[in-house]
Amino acid sequence: MEYKEAYRWGAEELSQAGIEESRLDARLLLEYVCHTDRNTLLAHGDRRVEQEEQKRFEELIARRKARVPLQQLTGVQEFMGLEFQVDEHVLIPRQDTECLVEEVMRFSQDGNRILDMCTGSGCILLSLLHYSNACKGVGADISPEALRVAHSNACRIEKLERPVPWEKDTVRFVESDLFSRISDEKFDLIVSNPPYIVSSVIPTLMEEVKNHEPLLALDGKEDGLFFYGRIIEESRAFLVKEGRLFFEIGFDQGEAVSNLMKKAGFDEVTVVKDLAGLDRVVHGIWMG
Ligand code: GLN
C-alpha cells in the first residue's frame, strides 16, 4: 500500500465510525507509525508503507474507531509549546488549561515556590518551571500511576533546560490525597486543575473522555465543587502571606468558586475568561 492509499483508507474508516476529525487523525496516526511528518507524507504519497507499519496502522485505526483518544495512541500531547507524554492514567492536557498557566505566569516571580495540586501529567507545573527562572515546584497527586507519567515528563522537560540546567530540587512529586502528605513547607503560588465535572454530567461527556480518561481526574462529585472547597480551606496553611491560589474552573463555576474563596478570606478574587470568552480561571491572594 502507498501512503496516500493508507491515508485515504484510514480517513474513510474513521469517518464512517463518526470520528469528527477523521482526516486529521488518520494522517497523524500514519505519520506516527511511519515515523514521518506531514510534508513527507504529502509530497511522497506514492511511497510504500511497509507491511509492519500497515499492520500497526490498521490496529491504531481500529482503536481510534473504538474512541480511544488520539493522544493515548500516539502517547503525546503538546501543551504550552512543549511535548508531554500521556497515557490512560492522566487527563490529556487541554488547550483551555494554557489559560491557567498564562495567568499564573503573570503573577509569578523568579525564585517562587509553586505547588501544583492534582498535577496529573505534570503539564501545568512543568511548563511553569520551564518558562520561569529559579522557581521550585512540588506536584501532588493521589494517583501513583499519574505521578509516574509526571516524573517521566519532568525528565523530558529537564532535557530542554539549556544552557542552565535545573537544580536537583527544582521539581518534586508527592503521592498525596490533597494536602495530606505535603510537609509543612509554604508556597508562593498554589495552582490546581482539580476534578470539577458534576458527577451526573459525566455520562453526557464524549466517549473518548468518559470511557478512556481517568474518572478520578474528572469527577468533582455531586456539585462539581468538592475539590475546590477542600483545596481552598486547606491551602491557607500552605501559602505564604500574599501568596496566591489559582484554579481552572468549568465555564459555569466562576461565581461559586469565587464565593468559596472570598468566604475563606482570600482577597482580590478574580475570574478570568479563556479564548472562547468563557470563565476559565479563578484566583485570589492570601493576606495571612
Ligand atoms: N476540562 C476537562 C473536560 O472538559 C475537565 C477537567 C477537570 O475536571 N479538571 O473534560
# chains A, B, ... in the order shown; residues from 1 in each chain; ligands from 1

$ residues_around --residues "A:Leu60" --least-positions-apart "3" --cutoff "8 Å" --atoms "only C-alpha atoms" --output "JSON, numbers by chain"
{"A": [29, 56, 57, 63, 64, 73]}

$ closest_atom_pairs --of "chain A" --to "ligand 1" --cutoff "10 Å" --atoms "only C-alpha atoms and all ligand atoms" --output "JSON lines"
{"residue": "A:Leu91", "atom": "CA", "partner": "ligand 1", "partner_atom_place_in_ligand_line": "6 (C)", "distance": 7.4}
{"residue": "A:Ile92", "atom": "CA", "partner": "ligand 1", "partner_atom_place_in_ligand_line": "10 (O)", "distance": 8.8}
{"residue": "A:Pro93", "atom": "CA", "partner": "ligand 1", "partner_atom_place_in_ligand_line": "2 (C)", "distance": 8.8}
{"residue": "A:Arg94", "atom": "CA", "partner": "ligand 1", "partner_atom_place_in_ligand_line": "1 (N)", "distance": 6.8}
{"residue": "A:Gln95", "atom": "CA", "partner": "ligand 1", "partner_atom_place_in_ligand_line": "1 (N)", "distance": 9.1}
{"residue": "A:Asp96", "atom": "CA", "partner": "ligand 1", "partner_atom_place_in_ligand_line": "1 (N)", "distance": 7.2}
{"residue": "A:Thr97", "atom": "CA", "partner": "ligand 1", "partner_atom_place_in_ligand_line": "1 (N)", "distance": 7.7}
{"residue": "A:Cys118", "atom": "CA", "partner": "ligand 1", "partner_atom_place_in_ligand_line": "9 (N)", "distance": 8.9}
{"residue": "A:Gly120", "atom": "CA", "partner": "ligand 1", "partner_atom_place_in_ligand_line": "9 (N)", "distance": 9.8}
{"residue": "A:Ser192", "atom": "CA", "partner": "ligand 1", "partner_atom_place_in_ligand_line": "9 (N)", "distance": 8.5}
{"residue": "A:Asn193", "atom": "CA", "partner": "ligand 1", "partner_atom_place_in_ligand_line": "9 (N)", "distance": 4.9}
{"residue": "A:Pro194", "atom": "CA", "partner": "ligand 1", "partner_atom_place_in_ligand_line": "9 (N)", "distance": 4.6}
{"residue": "A:Pro195", "atom": "CA", "partner": "ligand 1", "partner_atom_place_in_ligand_line": "8 (O)", "distance": 3.6}
{"residue": "A:Tyr196", "atom": "CA", "partner": "ligand 1", "partner_atom_place_in_ligand_line": "8 (O)", "distance": 4.1}
{"residue": "A:Ile197", "atom": "CA", "partner": "ligand 1", "partner_atom_place_in_ligand_line": "8 (O)", "distance": 5.1}
{"residue": "A:Val198", "atom": "CA", "partner": "ligand 1", "partner_atom_place_in_ligand_line": "8 (O)", "distance": 8.8}
{"residue": "A:Ile202", "atom": "CA", "partner": "ligand 1", "partner_atom_place_in_ligand_line": "10 (O)", "distance": 9.0}
{"residue": "A:Leu205", "atom": "CA", "partner": "ligand 1", "partner_atom_place_in_ligand_line": "10 (O)", "distance": 7.5}
{"residue": "A:Met206", "atom": "CA", "partner": "ligand 1", "partner_atom_place_in_ligand_line": "10 (O)", "distance": 8.6}
{"residue": "A:Glu208", "atom": "CA", "partner": "ligand 1", "partner_atom_place_in_ligand_line": "10 (O)", "distance": 9.6}
{"residue": "A:Val209", "atom": "CA", "partner": "ligand 1", "partner_atom_place_in_ligand_line": "10 (O)", "distance": 6.4}
{"residue": "A:Lys210", "atom": "CA", "partner": "ligand 1", "partner_atom_place_in_ligand_line": "10 (O)", "distance": 8.4}
{"residue": "A:Glu213", "atom": "CA", "partner": "ligand 1", "partner_atom_place_in_ligand_line": "10 (O)", "distance": 8.6}
{"residue": "A:Pro214", "atom": "CA", "partner": "ligand 1", "partner_atom_place_in_ligand_line": "8 (O)", "distance": 9.9}
{"residue": "A:Leu215", "atom": "CA", "partner": "ligand 1", "partner_atom_place_in_ligand_line": "8 (O)", "distance": 8.7}
{"residue": "A:Leu216", "atom": "CA", "partner": "ligand 1", "partner_atom_place_in_ligand_line": "8 (O)", "distance": 8.8}
{"residue": "A:Ala217", "atom": "CA", "partner": "ligand 1", "partner_atom_place_in_ligand_line": "8 (O)", "distance": 5.8}
{"residue": "A:Leu218", "atom": "CA", "partner": "ligand 1", "partner_atom_place_in_ligand_line": "8 (O)", "distance": 3.7}
{"residue": "A:Asp219", "atom": "CA", "partner": "ligand 1", "partner_atom_place_in_ligand_line": "8 (O)", "distance": 6.3}
{"residue": "A:Gly220", "atom": "CA", "partner": "ligand 1", "partner_atom_place_in_ligand_line": "8 (O)", "distance": 6.8}
{"residue": "A:Gly224", "atom": "CA", "partner": "ligand 1", "partner_atom_place_in_ligand_line": "8 (O)", "distance": 8.5}
{"residue": "A:Phe227", "atom": "CA", "partner": "ligand 1", "partner_atom_place_in_ligand_line": "9 (N)", "distance": 10.0}
{"residue": "A:Phe247", "atom": "CA", "partner": "ligand 1", "partner_atom_place_in_ligand_line": "9 (N)", "distance": 9.5}
{"residue": "A:Glu248", "atom": "CA", "partner": "ligand 1", "partner_atom_place_in_ligand_line": "9 (N)", "distance": 7.1}
{"residue": "A:Ile249", "atom": "CA", "partner": "ligand 1", "partner_atom_place_in_ligand_line": "9 (N)", "distance": 7.4}
{"residue": "A:Gly250", "atom": "CA", "partner": "ligand 1", "partner_atom_place_in_ligand_line": "1 (N)", "distance": 6.8}
{"residue": "A:Phe251", "atom": "CA", "partner": "ligand 1", "partner_atom_place_in_ligand_line": "1 (N)", "distance": 9.3}
{"residue": "A:Arg280", "atom": "CA", "partner": "ligand 1", "partner_atom_place_in_ligand_line": "1 (N)", "distance": 9.3}

$ residues_around --residues "stretch 282-288 of chain A" --least-positions-apart "6" --cutoff "6 Å" --atoms "only C-alpha atoms" --output "MDAnalysis selection string"
chainID A and resid 241:247 266:271

$ write_last_selection --atoms "N, CA, C and O atoms" --output "PDB file, in the first residue's frame"
ATOM      1  N   LYS A 241       2.253  34.648  53.359  1.00  0.00           N
ATOM      2  CA  LYS A 241       1.457  35.877  53.339  1.00  0.00           C
ATOM      3  C   LYS A 241       1.603  36.502  51.947  1.00  0.00           C
ATOM      4  O   LYS A 241       2.715  36.575  51.413  1.00  0.00           O
ATOM      5  N   GLU A 242       0.501  36.882  51.370  1.00  0.00           N
ATOM      6  CA  GLU A 242       0.454  37.417  49.995  1.00  0.00           C
ATOM      7  C   GLU A 242       0.739  36.349  48.932  1.00  0.00           C
ATOM      8  O   GLU A 242       1.077  36.665  47.786  1.00  0.00           O
ATOM      9  N   GLY A 243       0.598  35.090  49.327  1.00  0.00           N
ATOM     10  CA  GLY A 243       0.674  34.007  48.346  1.00  0.00           C
ATOM     11  C   GLY A 243      -0.633  33.950  47.565  1.00  0.00           C
ATOM     12  O   GLY A 243      -1.655  34.477  48.002  1.00  0.00           O
ATOM     13  N   ARG A 244      -0.574  33.300  46.402  1.00  0.00           N
ATOM     14  CA  ARG A 244      -1.774  33.287  45.565  1.00  0.00           C
ATOM     15  C   ARG A 244      -2.217  31.869  45.223  1.00  0.00           C
ATOM     16  O   ARG A 244      -1.390  30.984  45.021  1.00  0.00           O
ATOM     17  N   LEU A 245      -3.540  31.728  45.141  1.00  0.00           N
ATOM     18  CA  LEU A 245      -4.156  30.450  44.778  1.00  0.00           C
ATOM     19  C   LEU A 245      -4.858  30.613  43.434  1.00  0.00           C
ATOM     20  O   LEU A 245      -5.620  31.569  43.245  1.00  0.00           O
ATOM     21  N   PHE A 246      -4.580  29.687  42.519  1.00  0.00           N
ATOM     22  CA  PHE A 246      -5.159  29.736  41.160  1.00  0.00           C
ATOM     23  C   PHE A 246      -5.871  28.427  40.847  1.00  0.00           C
ATOM     24  O   PHE A 246      -5.310  27.360  41.072  1.00  0.00           O
ATOM     25  N   PHE A 247      -7.056  28.541  40.253  1.00  0.00           N
ATOM     26  CA  PHE A 247      -7.791  27.346  39.832  1.00  0.00           C
ATOM     27  C   PHE A 247      -8.204  27.439  38.376  1.00  0.00           C
ATOM     28  O   PHE A 247      -8.607  28.506  37.914  1.00  0.00           O
ATOM     29  N   PHE A 266      -9.873  34.943  51.124  1.00  0.00           N
ATOM     30  CA  PHE A 266      -8.967  35.388  50.049  1.00  0.00           C
ATOM     31  C   PHE A 266      -9.401  36.772  49.560  1.00  0.00           C
ATOM     32  O   PHE A 266     -10.585  37.102  49.566  1.00  0.00           O
ATOM     33  N   ASP A 267      -8.437  37.583  49.167  1.00  0.00           N
ATOM     34  CA  ASP A 267      -8.716  38.915  48.619  1.00  0.00           C
ATOM     35  C   ASP A 267      -8.424  38.941  47.127  1.00  0.00           C
ATOM     36  O   ASP A 267      -7.805  38.019  46.601  1.00  0.00           O
ATOM     37  N   GLU A 268      -8.828  40.039  46.517  1.00  0.00           N
ATOM     38  CA  GLU A 268      -8.591  40.265  45.072  1.00  0.00           C
ATOM     39  C   GLU A 268      -9.033  39.062  44.248  1.00  0.00           C
ATOM     40  O   GLU A 268      -8.352  38.661  43.291  1.00  0.00           O
ATOM     41  N   VAL A 269     -10.173  38.479  44.622  1.00  0.00           N
ATOM     42  CA  VAL A 269     -10.634  37.287  43.901  1.00  0.00           C
ATOM     43  C   VAL A 269     -11.114  37.704  42.500  1.00  0.00           C
ATOM     44  O   VAL A 269     -11.929  38.610  42.357  1.00  0.00           O
ATOM     45  N   THR A 270     -10.559  37.047  41.504  1.00  0.00           N
ATOM     46  CA  THR A 270     -10.763  37.468  40.111  1.00  0.00           C
ATOM     47  C   THR A 270     -11.119  36.264  39.245  1.00  0.00           C
ATOM     48  O   THR A 270     -10.516  35.198  39.388  1.00  0.00           O
ATOM     49  N   VAL A 271     -12.071  36.466  38.330  1.00  0.00           N
ATOM     50  CA  VAL A 271     -12.414  35.415  37.360  1.00  0.00           C
ATOM     51  C   VAL A 271     -11.827  35.834  36.005  1.00  0.00           C
ATOM     52  O   VAL A 271     -11.973  36.976  35.597  1.00  0.00           O
TER      53      VAL A 271
END

$ select_by_dssp --residues "stretch 32-278 of chain A" --states "alpha helix (DSSP H)" --output "PyMOL selection string"
chain A and resi 32-33+38-43+51-65+70-74+96-107+123-130+144-158+207-212+226-235+254-263

$ residues_around --residues "A:Ala62" --least-positions-apart "4" --cutoff "12 Å" --atoms "only C-alpha atoms" --output "PyMOL selection string"
chain A and resi 9-11+13-14+16-17+19+26+29+55-58+66-70+73

$ residues_around --residues "stretch 101-105 of chain A" --least-positions-apart "4" --cutoff "8 Å" --atoms "only C-alpha atoms" --output "PDB file with C-alpha atoms, in the first residue's frame"
ATOM      1  CA  THR A  97      -5.585  24.905  30.632  1.00  0.00           C
ATOM      2  CA  ILE A 124       0.978  22.797  34.449  1.00  0.00           C
ATOM      3  CA  SER A 127       5.548  24.423  31.887  1.00  0.00           C
ATOM      4  CA  LEU A 128       5.593  26.978  34.702  1.00  0.00           C
ATOM      5  CA  SER A 132      10.366  30.872  34.674  1.00  0.00           C
ATOM      6  CA  VAL A 191      -2.215  26.129  41.330  1.00  0.00           C
ATOM      7  CA  PHE A 246      -5.159  29.736  41.160  1.00  0.00           C
ATOM      8  CA  VAL A 281      -9.691  30.643  35.861  1.00  0.00           C
TER       9      VAL A 281
END

$ closest_atom_pairs --of "stretch 175-257 of chain A" --to "stretch 143-150 of chain A" --cutoff "9 Å" --atoms "only C-alpha atoms" --output "CSV"
residue,atom,partner,partner_atom,distance
A:Glu175,CA,A:Pro144,CA,6.2
A:Ser176,CA,A:Ser143,CA,8.0
A:Asp177,CA,A:Ser143,CA,8.6
A:Leu216,CA,A:Ser143,CA,8.6

$ write_last_selection --atoms "C-alpha atoms" --output "compact mmCIF listing (two decimals), in the first residue's frame"
# COMPACT_ATOMS: atom_id res chain seq x y z
CA GLU A 175 1.77 10.98 46.30
CA SER A 176 -0.78 12.73 48.43
CA ASP A 177 -4.54 12.83 48.92
CA LEU A 216 -10.50 10.28 39.14

$ residues_around --residues "stretch 81-86 of chain A" --least-positions-apart "4" --cutoff "8 Å" --atoms "only C-alpha atoms" --output "list in words"
Gln71, Gln72, Gly75, Val76, Gln77, Val90, Leu91, Ile92, Ser121, Cys123, Ser127, Val149, Ser152, Asn153, Arg156 and Ile157 of chain A

$ write_last_selection --atoms "N, CA and C atoms" --output "PDB file, in the first residue's frame"
ATOM      1  N   GLN A  71      -4.421  10.950  21.410  1.00  0.00           N
ATOM      2  CA  GLN A  71      -3.202  11.180  22.198  1.00  0.00           C
ATOM      3  C   GLN A  71      -2.787   9.941  22.989  1.00  0.00           C
ATOM      4  N   GLN A  72      -3.757   9.089  23.333  1.00  0.00           N
ATOM      5  CA  GLN A  72      -3.373   7.850  24.024  1.00  0.00           C
ATOM      6  C   GLN A  72      -2.784   6.857  23.029  1.00  0.00           C
ATOM      7  N   GLY A  75       0.640   8.686  22.328  1.00  0.00           N
ATOM      8  CA  GLY A  75       1.356   8.789  23.602  1.00  0.00           C
ATOM      9  C   GLY A  75       1.822  10.183  23.962  1.00  0.00           C
ATOM     10  N   VAL A  76       1.436  11.174  23.168  1.00  0.00           N
ATOM     11  CA  VAL A  76       1.901  12.538  23.468  1.00  0.00           C
ATOM     12  C   VAL A  76       0.825  13.590  23.198  1.00  0.00           C
ATOM     13  N   GLN A  77       0.971  14.722  23.879  1.00  0.00           N
ATOM     14  CA  GLN A  77       0.143  15.893  23.607  1.00  0.00           C
ATOM     15  C   GLN A  77       0.993  17.141  23.805  1.00  0.00           C
ATOM     16  N   VAL A  90      -3.683   9.705  33.081  1.00  0.00           N
ATOM     17  CA  VAL A  90      -3.684  11.166  33.277  1.00  0.00           C
ATOM     18  C   VAL A  90      -4.659  11.824  32.308  1.00  0.00           C
ATOM     19  N   LEU A  91      -5.183  12.959  32.748  1.00  0.00           N
ATOM     20  CA  LEU A  91      -6.000  13.767  31.851  1.00  0.00           C
ATOM     21  C   LEU A  91      -5.102  14.263  30.720  1.00  0.00           C
ATOM     22  N   ILE A  92      -5.596  14.206  29.502  1.00  0.00           N
ATOM     23  CA  ILE A  92      -4.822  14.742  28.378  1.00  0.00           C
ATOM     24  C   ILE A  92      -4.803  16.263  28.522  1.00  0.00           C
ATOM     25  N   SER A 121      -0.444  14.749  34.617  1.00  0.00           N
ATOM     26  CA  SER A 121       0.735  14.592  33.748  1.00  0.00           C
ATOM     27  C   SER A 121       1.874  15.533  34.137  1.00  0.00           C
ATOM     28  N   CYS A 123       1.783  18.712  33.469  1.00  0.00           N
ATOM     29  CA  CYS A 123       1.952  19.723  32.399  1.00  0.00           C
ATOM     30  C   CYS A 123       1.903  21.148  32.931  1.00  0.00           C
ATOM     31  N   SER A 127       5.429  23.265  32.790  1.00  0.00           N
ATOM     32  CA  SER A 127       5.548  24.423  31.887  1.00  0.00           C
ATOM     33  C   SER A 127       5.820  25.687  32.684  1.00  0.00           C
ATOM     34  N   VAL A 149       3.890   9.190  35.238  1.00  0.00           N
ATOM     35  CA  VAL A 149       3.861   9.948  33.977  1.00  0.00           C
ATOM     36  C   VAL A 149       4.465  11.340  34.209  1.00  0.00           C
ATOM     37  N   SER A 152       8.171  11.167  34.372  1.00  0.00           N
ATOM     38  CA  SER A 152       8.859  11.000  33.091  1.00  0.00           C
ATOM     39  C   SER A 152       8.749  12.281  32.264  1.00  0.00           C
ATOM     40  N   ASN A 153       7.661  13.029  32.442  1.00  0.00           N
ATOM     41  CA  ASN A 153       7.585  14.334  31.769  1.00  0.00           C
ATOM     42  C   ASN A 153       8.620  15.318  32.320  1.00  0.00           C
ATOM     43  N   ARG A 156      11.728  14.654  30.525  1.00  0.00           N
ATOM     44  CA  ARG A 156      11.650  15.215  29.165  1.00  0.00           C
ATOM     45  C   ARG A 156      11.916  16.709  29.154  1.00  0.00           C
ATOM     46  N   ILE A 157      11.231  17.437  30.049  1.00  0.00           N
ATOM     47  CA  ILE A 157      11.330  18.897  30.038  1.00  0.00           C
ATOM     48  C   ILE A 157      12.721  19.327  30.516  1.00  0.00           C
TER      49      ILE A 157
END

$ closest_residue --among "A:Lys65, A:Lys221, A:Arg38, A:His151" --to "A:Ser22" --atoms "only C-alpha atoms"
A:Lys65

$ closest_residue --among "A:Lys159, A:Lys186, A:His35, A:Arg113" --to "A:Val171" --atoms "only C-alpha atoms"
A:Arg113

$ select_by_dssp --residues "stretch 22-219 of chain A" --states "strand (DSSP E)" --output "ChimeraX atom specification"
/A:76-79,82-85,113-117,136-141,171-175,187-192

$ residues_around --residues "A:Asp116" --least-positions-apart "6" --cutoff "7 Å" --atoms "only C-alpha atoms" --output "PyMOL selection string"
chain A and resi 125+138-140+190-192
